[in-house]
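Colleague: Here it is: the structure, laid out below.
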Protein chains: 2
Amino acid sequence: MAITVVGSVAFDTIETPAGRRDRCLGGAATYFSLAASFFTDVRVIAVVGEDFGEEQEAVFHARNIDTRGIERATGKSFFWEGSYLEDLNEAKTHNTELNVFAAFEPKIPAEYNDSQFLFLANIDPVLQRRVREAMPGVKLVAGDTMNYWIKDHRAALLDVLKGIDLLLINDTEARMLAGNNNLVQAARVVLAMGPRTLIVKHGEYGATAFFSRQSFSPKDESAEHHPFRAPALPLEEVVDPTGAGDSFAGGFFGYLASQPDLTPAAFRRAMFYGSVMGSFACECFGTERLQTLTRKEIDDRFIVFRELTHLD
Amino acid sequence: MAITVVGSVAFDTIETPAGRRDRCLGGAATYFSLAASFFTDVRVIAVVGEDFGEEQEAVFHARNIDTRGIERATGKSFFWEGSYLEDLNEAKTHNTELNVFAAFEPKIPAEYNDSQFLFLANIDPVLQRRVREAMPGVKLVAGDTMNYWIKDHRAALLDVLKGIDLLLINDTEARMLAGNNNLVQAARVVLAMGPRTLIVKHGEYGATAFFSRQSFSPKDESAEHHPFRAPALPLEEVVDPTGAGDSFAGGFFGYLASQPDLTPAAFRRAMFYGSVMGSFACECFGTERLQTLTRKEIDDRFIVFRELTHLD
């Protein structure tokens with residue numbers, strides 16, 4: 001089933017211990033789309049400036065991603081500059097220019113309306129909510145957010161959380177959103193805000209899903225579900241962690257959208273595919289690795305992840 | 001097969017968000033012994049002062065732990081005071097009194113000589129080496145250390161590492177010991193120092209084992225082994241994390257000592273049992289939870305850990 005994703009398509013300048021790239025293609029919606037495209041049809045809603053040309057568009061088209069929802073505006077695309085020189089787990093932001101993103105008004109092409117899955121990447125919760133409401137027919141909605149919205153736009157964020165089935169955030173964001181440092185307790189607080197399922201991303205340590213009684217389809221008889229933890233792969237070299245979380249989300253949600261039912265088993269495999277895509281994203285700068293990837297490489301790594309965690 | 005452990009038996013004063021305990025029984029050898037005692041016979045080598053009485057000794061005897069190697073010296077036992085008020089993942093040390101431990105000269109009772117497993121808990125590497133050399137007949141030696149020895153007693157530590165099969169340390173220690181921030185690369189450097197296997201403990205995120213070609217018995221035909229990652233359990237409440245790492249070591253090594261062969265499958269289960277024991281240790285202050293624990297509770301939680309990580 002097709003996924004529509006709304007979020008940023010951007011240019012990033014990135015410096016890591018492995019080197020530097022100037023103005024490479026980035027943005028949450030870009031990483032998400034590329035990762036999800038290995039599993040299902042993906043449609044993007046975003047805004048770009050005049051600096052977004054055929055070269056960038058070709059990256060999407062090579063993966064059969066529908067770009068009819070990428071609006072061209074006068075001006076420059078969203079730009080981010082950051083480095084990971086001291087700590088590969090945390091970006092240091094040097095510059096953020098919203099540019100055309102400052103006036104972004106998401107427009108949904110009519111062709112996207114039969115999408116059954118919707119991913120609200122990390123943007124202003126007011127825009128997330130607008131897209132959510134404009135697509136009432138979707139079957140499953142997942143979303144991301146960040147500390148900035150949690151801290152300074154809490155009311156708008158709480159509003160959008162009511163319409164989200166699956167929230168994907170990191171440890172710090174989960175603790176901040178819940179106002180509780182214990183992850184299990186924080187998860188319970190977040191699940192009471194609306195999402196039926198919470199996935200907390202731990203960076204190099206993987207991700208944990210916390211479930212509520214409404215996490216799965218009514219066919220599922222189990223009264224309650226233990227949390228599930230997918231590992232991350234210990235990598236020989238992390239070239240650039242930018243987009244790893246969005247690639248996790250893309251692999252996870254893409255795989256889920258390719259499955260007939262939202263069963264606990266499908267969910268677990270989706271978590272592993274999320275981790276697999278996150279691990280690939282770190283291997284090269286920007287989206288380079290996602291561009292050259294094949295489904296066979298993905299499935300081979302899935303087996304490595306199973307090896308990494310399974311008793312037998 | 002029996003394990004001999006050398007390390008600290010101490011009194012701890014601990015403050016956490018859950019409360020405070022004054023002078024409760026602690027020390028690495030204590031946590032290790034209690035955790036390992038659920039799987040195999042355990043024998044302790046340590047030194048205590050006149051404040052160590054029948055009440056403390058009874059904790060060991062209740063778990064059938066051999067205390068003939070616990071020497072009674074004139075003076076007070078090792079004492080540590082710390083708190084976890086800001087961060088449950090990192091203790092803030094307020095006071096350390098070595099007391100009788102300052103002049104510790106490990107003495108090995110003749111009855112311990114048929115031990116096939118030896119655990120060198122975190123003490124001066126000079127003492128670790130002395131015990132190692134005094135027990136040449138042991139089949140498998142595991143050890144722990146800490147930043148202090150890595151930084152200021154490097155030569156002595158490198159010396160003892162040559163005689164250790166299995167090293168258990170945390171992320172920071174592994175990176176510091178190897179002088180490399182990438183965990184996979186750091187593991188390779190540490191494995192070249194002597195240990196055949198390295199287990200890196202990640203606190204609330206579990207632990208990862210890195211193997212060399214010599215990790216398993218010659219019966220094992222596989223040329224190389226991927227790393228293996230055991231999760232930690234997301235806990236509703238962490239009452240006191242003191243001793244969680246030593247309890248992990250005890251559960252891990254205790255289970256391994258109970259197995260006929262050091263196969264990859266036994267090793268994986270041992271990692272899970274280590275995580276299980278670490279999770280119990282955090283549930284009450286000091287050794288309280290390990291004292292009341294039953295083997296059935298351990299095996300039930302092992303199943304929860306499997307649920308937490310397995311795809312099917």
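Chains: A, B, ... in order of the structure tokens. Residues: from 1 per chain. Ligands: from 1, in order shown.
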Using only C-alpha atoms and a distance of at most 10 Å, pull out the residues of chain B that contact chain A, as a PyMOL selection string.
Modeller: chain B and resi 87-88+181-186+202+204-210+225-238+264-272+304-312
Colleague: Show which residues sit within 7 Å of Gly250 of chain A, as number ranges by chain. Count only C-alpha atoms, and ignore same-chain residues fewer than 6 positions away.
Modeller: A: 32-33, 35-36, 274
Colleague: Provide the atom CA of Arg130 of chain B to atom CA of Leu157 of chain B distance in Å, to one decimal place.
Modeller: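 Distance reported for this atom pair: 12.0 Å.
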Colleague: Closest to Cys24 of chain B among B:Phe252, B:Phe11, B:Tyr273, B:Tyr148, using only C-alpha atoms?
Modeller: B:Phe11
Colleague: Apply DSSP to the backbone of this structure and, from segment 22-132 of chain B, keep only the residues in strand (DSSP E); write these as a ChimeraX atom specification.
Modeller: /B:22-26,42-48,66-72,78-83,92-97,117-120
Colleague: Would you save the residues of that selection, restricted to N, CA, C and O atoms, as a tab-separated table (two decimals), in the first residue's frame?
Modeller:
chain	number	residue	atom	x	y	z
B	22	ASP	N	22.14	3.12	54.19
B	22	ASP	CA	23.43	3.34	54.81
B	22	ASP	C	24.14	2.03	55.06
B	22	ASP	O	23.57	1.11	55.63
B	23	ARG	N	25.39	1.96	54.63
B	23	ARG	CA	26.26	0.82	54.90
B	23	ARG	C	25.59	-0.52	54.61
B	23	ARG	O	25.55	-1.41	55.47
B	24	CYS	N	25.06	-0.67	53.41
B	24	CYS	CA	24.53	-1.99	53.05
B	24	CYS	C	25.66	-2.81	52.42
B	24	CYS	O	26.65	-2.27	51.93
B	25	LEU	N	25.50	-4.12	52.47
B	25	LEU	CA	26.51	-5.03	51.92
B	25	LEU	C	26.67	-4.77	50.42
B	25	LEU	O	25.70	-4.69	49.68
B	26	GLY	N	27.92	-4.62	49.96
B	26	GLY	CA	28.16	-4.38	48.54
B	26	GLY	C	29.52	-4.93	48.12
B	26	GLY	O	30.06	-5.83	48.77
B	42	VAL	N	30.23	-21.22	43.87
B	42	VAL	CA	31.06	-20.01	43.84
B	42	VAL	C	31.92	-19.92	45.09
B	42	VAL	O	31.46	-20.24	46.20
B	43	ARG	N	33.15	-19.51	44.91
B	43	ARG	CA	34.13	-19.37	46.00
B	43	ARG	C	34.72	-17.97	45.95
B	43	ARG	O	35.16	-17.54	44.88
B	44	VAL	N	34.78	-17.31	47.09
B	44	VAL	CA	35.20	-15.91	47.10
B	44	VAL	C	36.56	-15.72	47.75
B	44	VAL	O	36.85	-16.33	48.78
B	45	ILE	N	37.36	-14.86	47.13
B	45	ILE	CA	38.60	-14.38	47.75
B	45	ILE	C	38.46	-12.87	47.94
B	45	ILE	O	38.23	-12.14	46.98
B	46	ALA	N	38.58	-12.43	49.20
B	46	ALA	CA	38.44	-11.00	49.48
B	46	ALA	C	39.01	-10.73	50.86
B	46	ALA	O	39.48	-11.65	51.54
B	47	VAL	N	38.99	-9.47	51.26
B	47	VAL	CA	39.37	-9.14	52.63
B	47	VAL	C	38.29	-8.22	53.21
B	47	VAL	O	37.77	-7.35	52.50
B	48	VAL	N	37.94	-8.47	54.49
B	48	VAL	CA	36.96	-7.62	55.15
B	48	VAL	C	37.51	-7.21	56.52
B	48	VAL	O	38.49	-7.79	57.01
B	66	ASP	N	31.05	-20.26	49.06
B	66	ASP	CA	32.19	-20.61	49.90
B	66	ASP	C	32.94	-19.33	50.31
B	66	ASP	O	33.45	-18.61	49.45
B	67	THR	N	33.00	-19.06	51.61
B	67	THR	CA	33.62	-17.81	52.08
B	67	THR	C	34.95	-18.08	52.79
B	67	THR	O	35.47	-17.19	53.47
B	68	ARG	N	35.50	-19.28	52.62
B	68	ARG	CA	36.75	-19.57	53.32
B	68	ARG	C	37.90	-18.67	52.85
B	68	ARG	O	38.88	-18.48	53.54
B	69	GLY	N	37.74	-18.11	51.65
B	69	GLY	CA	38.77	-17.21	51.13
B	69	GLY	C	38.54	-15.75	51.50
B	69	GLY	O	39.26	-14.87	51.03
B	70	ILE	N	37.54	-15.47	52.34
B	70	ILE	CA	37.35	-14.09	52.80
B	70	ILE	C	38.15	-13.90	54.09
B	70	ILE	O	37.81	-14.43	55.15
B	71	GLU	N	39.22	-13.14	53.97
B	71	GLU	CA	40.14	-12.94	55.09
B	71	GLU	C	39.60	-11.84	56.02
B	71	GLU	O	39.08	-10.83	55.55
B	72	ARG	N	39.74	-12.07	57.33
B	72	ARG	CA	39.33	-11.06	58.32
B	72	ARG	C	40.56	-10.29	58.76
B	72	ARG	O	41.52	-10.89	59.24
B	78	PHE	N	36.27	-2.17	53.23
B	78	PHE	CA	36.19	-1.20	52.13
B	78	PHE	C	34.82	-0.52	52.20
B	78	PHE	O	33.81	-1.17	52.42
B	79	PHE	N	34.82	0.80	52.02
B	79	PHE	CA	33.56	1.55	52.12
B	79	PHE	C	33.44	2.49	50.92
B	79	PHE	O	34.39	3.18	50.56
B	80	TRP	N	32.24	2.52	50.32
B	80	TRP	CA	31.98	3.42	49.20
B	80	TRP	C	30.68	4.17	49.45
B	80	TRP	O	29.69	3.58	49.91
B	81	GLU	N	30.69	5.45	49.15
B	81	GLU	CA	29.45	6.22	49.26
B	81	GLU	C	29.21	6.95	47.94
B	81	GLU	O	30.11	7.62	47.43
B	82	GLY	N	28.03	6.77	47.39
B	82	GLY	CA	27.75	7.40	46.10
B	82	GLY	C	26.27	7.68	45.92
B	82	GLY	O	25.42	7.17	46.67
B	83	SER	N	25.96	8.47	44.90
B	83	SER	CA	24.56	8.78	44.61
B	83	SER	C	24.30	8.79	43.11
B	83	SER	O	25.22	8.91	42.30
B	92	LYS	N	27.72	9.12	41.19
B	92	LYS	CA	28.60	10.20	41.63
B	92	LYS	C	29.20	9.73	42.94
B	92	LYS	O	28.49	9.47	43.91
B	93	THR	N	30.52	9.56	42.96
B	93	THR	CA	31.18	9.06	44.17
B	93	THR	C	31.41	10.19	45.16
B	93	THR	O	31.96	11.23	44.81
B	94	HIS	N	30.96	9.99	46.40
B	94	HIS	CA	31.16	11.02	47.43
B	94	HIS	C	32.32	10.66	48.34
B	94	HIS	O	32.94	11.52	48.93
B	95	ASN	N	32.58	9.38	48.48
B	95	ASN	CA	33.61	8.96	49.43
B	95	ASN	C	34.04	7.52	49.11
B	95	ASN	O	33.21	6.67	48.84
B	96	THR	N	35.34	7.28	49.13
B	96	THR	CA	35.87	5.92	49.00
B	96	THR	C	36.91	5.72	50.08
B	96	THR	O	37.88	6.48	50.16
B	97	GLU	N	36.69	4.75	50.94
B	97	GLU	CA	37.70	4.42	51.96
B	97	GLU	C	38.17	3.00	51.72
B	97	GLU	O	37.42	2.05	51.93
B	117	PHE	N	36.89	-22.19	36.71
B	117	PHE	CA	36.59	-20.85	36.20
B	117	PHE	C	37.09	-19.83	37.22
B	117	PHE	O	36.95	-20.02	38.43
B	118	LEU	N	37.66	-18.74	36.71
B	118	LEU	CA	38.18	-17.69	37.58
B	118	LEU	C	37.67	-16.34	37.11
B	118	LEU	O	37.76	-16.01	35.93
B	119	PHE	N	37.11	-15.57	38.04
B	119	PHE	CA	36.70	-14.21	37.70
B	119	PHE	C	37.50	-13.19	38.50
B	119	PHE	O	37.50	-13.21	39.73
B	120	LEU	N	38.20	-12.33	37.79
B	120	LEU	CA	39.00	-11.27	38.38
B	120	LEU	C	38.17	-9.99	38.35
B	120	LEU	O	38.13	-9.29	37.34
Colleague: Quick check, in Å to one decimal: how far apart do atom CA of Asn147 of chain A and atom CA of Leu177 of chain A lie?
Modeller: 8.2 Å
Colleague: From the DSSP assignment of the backbone, select every residue of segment 31-254 of chain B that is alpha helix (DSSP H), and format the answer as a PyMOL selection string.
Modeller: chain B and resi 31-36+54-62+125-134+147-152+154-161+171-178+183-191+244-254
Colleague: For atom CA of Asn89 of chain A and atom CA of Gly203 of chain A, determine how far apart the two atoms are, in Å to one decimal place.
Modeller: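 Between atom CA of Asn89 of chain A and atom CA of Gly203 of chain A the gap is 6.9 Å.
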Colleague: In terms of the shortest atom-to-atom distance over only C-alpha atoms, which of A:Gly245, A:Gly7, A:Gly254, A:Gly19 is closest to Cys284 of chain A?
Modeller: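 For Cys284 of chain A, the nearest of the given residues is A:Gly19.
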Colleague: Using only C-alpha atoms, determine which residues lie at most 8 Å from Met176 of chain B, disregarding the query and same-chain residues fewer than 3 positions distant; provide the list as a PDB file with N, CA, C and O atoms, in the first residue's frame.
Modeller:
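Generated file (part21.pdb):
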ATOM      1  N   ASN B 147      38.168   2.685  34.530  1.00  0.00           N
ATOM      2  CA  ASN B 147      38.934   3.798  33.960  1.00  0.00           C
ATOM      3  C   ASN B 147      40.205   4.115  34.752  1.00  0.00           C
ATOM      4  O   ASN B 147      41.239   4.398  34.151  1.00  0.00           O
ATOM      5  N   ILE B 150      42.899   1.760  33.732  1.00  0.00           N
ATOM      6  CA  ILE B 150      43.223   1.946  32.308  1.00  0.00           C
ATOM      7  C   ILE B 150      44.092   3.185  32.136  1.00  0.00           C
ATOM      8  O   ILE B 150      45.054   3.187  31.356  1.00  0.00           O
ATOM      9  N   LYS B 151      43.768   4.219  32.885  1.00  0.00           N
ATOM     10  CA  LYS B 151      44.462   5.496  32.715  1.00  0.00           C
ATOM     11  C   LYS B 151      45.816   5.504  33.432  1.00  0.00           C
ATOM     12  O   LYS B 151      46.825   5.865  32.838  1.00  0.00           O
ATOM     13  N   THR B 172      32.700   3.282  27.715  1.00  0.00           N
ATOM     14  CA  THR B 172      33.724   4.299  27.954  1.00  0.00           C
ATOM     15  C   THR B 172      35.079   3.635  28.182  1.00  0.00           C
ATOM     16  O   THR B 172      36.112   4.087  27.660  1.00  0.00           O
ATOM     17  N   GLU B 173      35.077   2.559  28.962  1.00  0.00           N
ATOM     18  CA  GLU B 173      36.330   1.869  29.261  1.00  0.00           C
ATOM     19  C   GLU B 173      36.924   1.230  28.009  1.00  0.00           C
ATOM     20  O   GLU B 173      38.136   1.283  27.787  1.00  0.00           O
ATOM     21  N   GLY B 179      41.830   3.503  22.828  1.00  0.00           N
ATOM     22  CA  GLY B 179      42.162   4.802  22.233  1.00  0.00           C
ATOM     23  C   GLY B 179      41.462   4.988  20.902  1.00  0.00           C
ATOM     24  O   GLY B 179      42.002   5.550  19.953  1.00  0.00           O
ATOM     25  N   ASN B 180      40.209   4.488  20.821  1.00  0.00           N
ATOM     26  CA  ASN B 180      39.457   4.549  19.562  1.00  0.00           C
ATOM     27  C   ASN B 180      37.975   4.671  19.895  1.00  0.00           C
ATOM     28  O   ASN B 180      37.439   3.886  20.683  1.00  0.00           O
ATOM     29  N   ASN B 181      37.311   5.652  19.321  1.00  0.00           N
ATOM     30  CA  ASN B 181      35.905   5.897  19.675  1.00  0.00           C
ATOM     31  C   ASN B 181      34.916   4.991  18.955  1.00  0.00           C
ATOM     32  O   ASN B 181      33.769   4.903  19.346  1.00  0.00           O
TER      33      ASN B 181
END
